[in-house]
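Contents: one structure, followed by commentary.
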Amino acid sequence: MEDSFLQDVEPIDVVAETTRLHAVRSLKSFYLDVGRSLSLNKAPRIRGPEISGVINTVLDDILGQKDIMVNLVDIRTLGDSTFFHSVNVCTLSILAGISMGYNRPGLYQLGVGSLLHDIGKVLVPPEILHKPGKLTKAEFDEMKKHPQYGYNILREMPNISLASANVAFEHHERYNGEGYPRELSGKEIHEYAQITGLADIYDALTSDRIYRKAYPHHEAIEMIAASGNFYFEHRVVKAFLDNIAVYPIGTPVELNNGEIAVVLNTPRGYPHLPDVRVVSSGGRTLRVCFDRRLIEEKALLISRVIPEEEFADMEGMENVLES
């Protein structure tokens with residue numbers, strides 16, 4: 001939201017836009033090379049230096065901003081294709097890995113696996129992969145083979161570790177045993193795969209789909225929070241959510257004292273207590289806004305997120321939005 005009362009607020013990207021775009025281009029080229037090799041019945045070869053360079057650059061960006069919370073705008077501005085999705089999942093997975101105390105080699109393996117987690121989809125028939133409607137049982141059964149396909153592809157590549165290949169194999173497995181393709185449960189699932197599977201779901205929930213609109217961000221967070229020790233191990237869920245701002249910058253909210261505000265920033269470690277800028281108080285739009293730090297005002301909480309349409313329709317708010 002680019003309103004006049006946020007002009008002095010400049011979100012800091014966890015990963016630079018140039019890094020993301022380079023990662024997407026490299027990943028697309030990699031997918032095309034793998035698909036071409038497989039169509040010629042040749043063993044696919046990874047562009048070792050290129051993929052390695054992508055992961056190391058992403059790591060450098062993230063490790064240089066360790067105290068920054070991820071806002072939805074950080075990872076949603078560039079598109080929703082398979083390649084953007086995979087880069088988003090990679091970014092979110094690495095952040096969770098940092099929270100879990102992984103060293104750089106561990107973060108690298110997690111990064112490679114999460115970036116390439118969907119590589120098996122190159123062997124799924126396009127008419128199934130891009131079908132706009134609901135898949136038939138037979139089509140879904142074929143779609144569920146992509147983790148096995150991905151594992152097989154990555155195990156053919158000498159530069160890819162077994163741990164990274166297992167991310168592709170197990171990212172659809174679930175802690176309670178209800179996943180696929182092998183119905184693994186609990187500790188049987190590699191931790192890298194659990195992290196990637198969680199990041200995969202989060203990115204899917206917060207993306208528009210042909211059959212539904214994206215879930216509001218705070219609702220997606222609630223769904224993720226409820227998945228602990230059911231779909232994912234609780235400590236994985238906690239590590240993931242430690243990095244995600246519940247209320248992204250610019251989110252219109254109502255406080256429990258009736259004030260209307262927009263979110264400015266979220267202090268790390270306090271995902272439900274962001275800094276806000278109050279724009280309406282006592283039912284009147286303020287000509288001069290003021291800021292509140294909710295971590296310092298214990299009596300104040302966010303009572304609800306205001307839909308943007310409702311926010312724009314509030315009396316006098318159109319003047320603020322247009323000024």
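Following the order of the structure tokens, first chain is A, next is B, and so on, with residues numbered from 1 inside each chain and ligands from 1 in the order they appear.
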
May I have the residues within 10 Å of A:Thr82 as an mmCIF file with N, CA and C atoms, in the first residue's frame, using only C-alpha atoms and disregarding those fewer than 4 positions away in the same chain?
```cif
data_model
loop_
_atom_site.group_PDB
_atom_site.id
_atom_site.type_symbol
_atom_site.label_atom_id
_atom_site.label_comp_id
_atom_site.auth_asym_id
_atom_site.auth_seq_id
_atom_site.Cartn_x
_atom_site.Cartn_y
_atom_site.Cartn_z
ATOM 1 N N VAL A 24 15.467 -16.773 -10.590
ATOM 2 C CA VAL A 24 14.368 -17.244 -11.433
ATOM 3 C C VAL A 24 14.871 -17.587 -12.834
ATOM 4 N N LEU A 27 16.937 -20.773 -12.664
ATOM 5 C CA LEU A 27 16.102 -21.944 -12.415
ATOM 6 C C LEU A 27 15.331 -22.339 -13.671
ATOM 7 N N LYS A 28 14.800 -21.355 -14.377
ATOM 8 C CA LYS A 28 14.073 -21.642 -15.618
ATOM 9 C C LYS A 28 14.997 -22.317 -16.628
ATOM 10 N N SER A 86 9.248 -21.364 -6.561
ATOM 11 C CA SER A 86 10.381 -22.125 -6.036
ATOM 12 C C SER A 86 11.398 -21.220 -5.363
ATOM 13 N N VAL A 87 11.620 -20.032 -5.909
ATOM 14 C CA VAL A 87 12.547 -19.083 -5.279
ATOM 15 C C VAL A 87 11.971 -18.592 -3.951
ATOM 16 N N ASN A 88 10.663 -18.337 -3.906
ATOM 17 C CA ASN A 88 10.016 -17.960 -2.643
ATOM 18 C C ASN A 88 10.189 -19.047 -1.591
ATOM 19 N N ASP A 118 10.493 -28.996 -6.855
ATOM 20 C CA ASP A 118 9.467 -29.376 -7.831
ATOM 21 C C ASP A 118 10.043 -29.809 -9.170
ATOM 22 N N ILE A 119 11.337 -30.103 -9.237
ATOM 23 C CA ILE A 119 11.956 -30.442 -10.517
ATOM 24 C C ILE A 119 11.300 -31.663 -11.156
ATOM 25 N N LYS A 121 8.357 -32.206 -11.703
ATOM 26 C CA LYS A 121 7.199 -31.838 -12.522
ATOM 27 C C LYS A 121 7.546 -31.755 -14.005
#
```

Spatial neighbours of A:Glu222, 12 Å, only C-alpha atoms, chain gap at least 4 places, as a short mmCIF file (atom, residue, chain, number, x, y, z; two decimals) with all heavy atoms, in the first residue's frame:
```
data_model
loop_
_atom_site.label_atom_id
_atom_site.label_comp_id
_atom_site.auth_asym_id
_atom_site.auth_seq_id
_atom_site.Cartn_x
_atom_site.Cartn_y
_atom_site.Cartn_z
N TYR A 202 2.70 -22.51 2.66
CA TYR A 202 2.52 -21.09 2.95
C TYR A 202 2.45 -20.28 1.65
O TYR A 202 1.56 -19.44 1.48
CB TYR A 202 3.66 -20.58 3.82
CG TYR A 202 3.68 -19.07 3.97
CD1 TYR A 202 2.86 -18.44 4.90
CD2 TYR A 202 4.50 -18.29 3.17
CE1 TYR A 202 2.88 -17.06 5.02
CE2 TYR A 202 4.52 -16.92 3.29
CZ TYR A 202 3.71 -16.31 4.22
OH TYR A 202 3.72 -14.94 4.33
N LEU A 205 -0.86 -20.95 -0.09
CA LEU A 205 -2.01 -20.32 0.57
C LEU A 205 -2.09 -18.83 0.26
O LEU A 205 -3.18 -18.27 0.12
CB LEU A 205 -1.93 -20.52 2.09
CG LEU A 205 -2.19 -21.91 2.64
CD1 LEU A 205 -1.89 -21.96 4.14
CD2 LEU A 205 -3.63 -22.33 2.39
N TYR A 215 -5.55 -16.57 0.32
CA TYR A 215 -6.07 -16.36 1.66
C TYR A 215 -5.48 -15.07 2.24
O TYR A 215 -4.31 -14.76 1.97
CB TYR A 215 -5.70 -17.53 2.58
CG TYR A 215 -6.54 -18.77 2.39
CD1 TYR A 215 -6.12 -19.78 1.53
CD2 TYR A 215 -7.75 -18.92 3.06
CE1 TYR A 215 -6.89 -20.92 1.34
CE2 TYR A 215 -8.52 -20.06 2.88
CZ TYR A 215 -8.09 -21.05 2.02
OH TYR A 215 -8.85 -22.18 1.83
N PRO A 216 -6.25 -14.32 3.02
CA PRO A 216 -5.65 -13.19 3.74
C PRO A 216 -4.46 -13.68 4.55
O PRO A 216 -4.47 -14.78 5.11
CB PRO A 216 -6.79 -12.71 4.65
CG PRO A 216 -8.05 -13.16 3.95
CD PRO A 216 -7.68 -14.46 3.29
N HIS A 217 -3.45 -12.84 4.62
CA HIS A 217 -2.18 -13.26 5.20
C HIS A 217 -2.33 -13.78 6.63
O HIS A 217 -1.79 -14.84 6.98
CB HIS A 217 -1.20 -12.10 5.16
CG HIS A 217 0.15 -12.43 5.71
ND1 HIS A 217 0.99 -13.32 5.10
CD2 HIS A 217 0.78 -12.02 6.83
CE1 HIS A 217 2.09 -13.43 5.81
NE2 HIS A 217 2.00 -12.66 6.87
N HIS A 218 -3.08 -13.07 7.46
CA HIS A 218 -3.20 -13.49 8.86
C HIS A 218 -3.94 -14.82 8.98
O HIS A 218 -3.69 -15.60 9.89
CB HIS A 218 -3.89 -12.41 9.69
CG HIS A 218 -5.28 -12.08 9.26
ND1 HIS A 218 -5.54 -11.36 8.11
CD2 HIS A 218 -6.49 -12.37 9.82
CE1 HIS A 218 -6.86 -11.22 7.99
NE2 HIS A 218 -7.44 -11.83 8.99
N ALA A 226 -1.65 -23.81 13.27
CA ALA A 226 -2.45 -24.94 13.73
C ALA A 226 -1.92 -26.29 13.24
O ALA A 226 -2.41 -27.34 13.66
CB ALA A 226 -3.90 -24.77 13.27
N SER A 227 -0.90 -26.26 12.37
CA SER A 227 -0.41 -27.51 11.77
C SER A 227 0.67 -28.19 12.60
O SER A 227 1.11 -29.29 12.26
CB SER A 227 0.12 -27.24 10.36
OG SER A 227 1.31 -26.47 10.40
N GLY A 228 1.11 -27.55 13.69
CA GLY A 228 2.20 -28.10 14.49
C GLY A 228 1.88 -29.45 15.11
O GLY A 228 0.80 -29.64 15.68
N VAL A 237 7.42 -25.63 12.67
CA VAL A 237 6.40 -24.57 12.53
C VAL A 237 6.84 -23.31 13.27
O VAL A 237 6.74 -22.19 12.74
CB VAL A 237 5.03 -25.06 13.05
CG1 VAL A 237 4.02 -23.91 13.05
CG2 VAL A 237 4.52 -26.22 12.21
N LEU A 241 7.51 -19.64 11.58
CA LEU A 241 6.71 -18.46 11.92
C LEU A 241 7.53 -17.37 12.60
O LEU A 241 7.13 -16.20 12.57
CB LEU A 241 5.54 -18.87 12.82
CG LEU A 241 4.48 -19.75 12.16
CD1 LEU A 241 3.37 -20.07 13.15
CD2 LEU A 241 3.90 -19.07 10.91
N ILE A 244 8.14 -14.66 9.98
CA ILE A 244 7.07 -14.12 9.17
C ILE A 244 6.29 -13.07 9.97
O ILE A 244 5.79 -13.34 11.06
CB ILE A 244 6.09 -15.22 8.72
CG1 ILE A 244 6.84 -16.38 8.06
CG2 ILE A 244 5.04 -14.65 7.76
CD1 ILE A 244 7.54 -16.03 6.78
N VAL A 246 3.12 -11.30 10.91
CA VAL A 246 1.70 -11.64 10.80
C VAL A 246 0.95 -10.56 10.03
O VAL A 246 0.05 -10.85 9.25
CB VAL A 246 1.08 -11.82 12.21
CG1 VAL A 246 -0.42 -12.05 12.12
CG2 VAL A 246 1.75 -13.00 12.92
N TYR A 247 1.35 -9.31 10.26
CA TYR A 247 0.70 -8.17 9.59
C TYR A 247 1.73 -7.46 8.72
O TYR A 247 2.56 -6.70 9.21
CB TYR A 247 0.13 -7.21 10.63
CG TYR A 247 -0.77 -7.88 11.64
CD1 TYR A 247 -0.33 -8.12 12.95
CD2 TYR A 247 -2.06 -8.29 11.30
CE1 TYR A 247 -1.14 -8.75 13.87
CE2 TYR A 247 -2.88 -8.92 12.22
CZ TYR A 247 -2.40 -9.15 13.51
OH TYR A 247 -3.22 -9.77 14.43
N HIS A 272 2.97 -10.54 16.56
CA HIS A 272 1.62 -10.03 16.71
C HIS A 272 1.58 -8.60 17.25
O HIS A 272 0.50 -8.06 17.48
CB HIS A 272 0.81 -10.94 17.65
CG HIS A 272 0.51 -12.28 17.06
ND1 HIS A 272 1.36 -13.34 17.19
CD2 HIS A 272 -0.55 -12.73 16.35
CE1 HIS A 272 0.84 -14.40 16.56
NE2 HIS A 272 -0.31 -14.06 16.05
#
```

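When only C-alpha atoms are used to measure the gap to A:Gly133, the shortest distance among A:Ile189, A:Ile210, A:Ile221, A:Lys42 belongs to A:Ile210.
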
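If you measure from each of A:Gly269, A:Gly111, A:Leu38, A:Gly150 to A:Ala23 using only C-alpha atoms, the closest one turns out to be A:Gly111.
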
In stretch 256-304 of chain A, DSSP strand (DSSP E) residues written as a ChimeraX atom specification:
/A:260-265,275-281,284-293,302-304
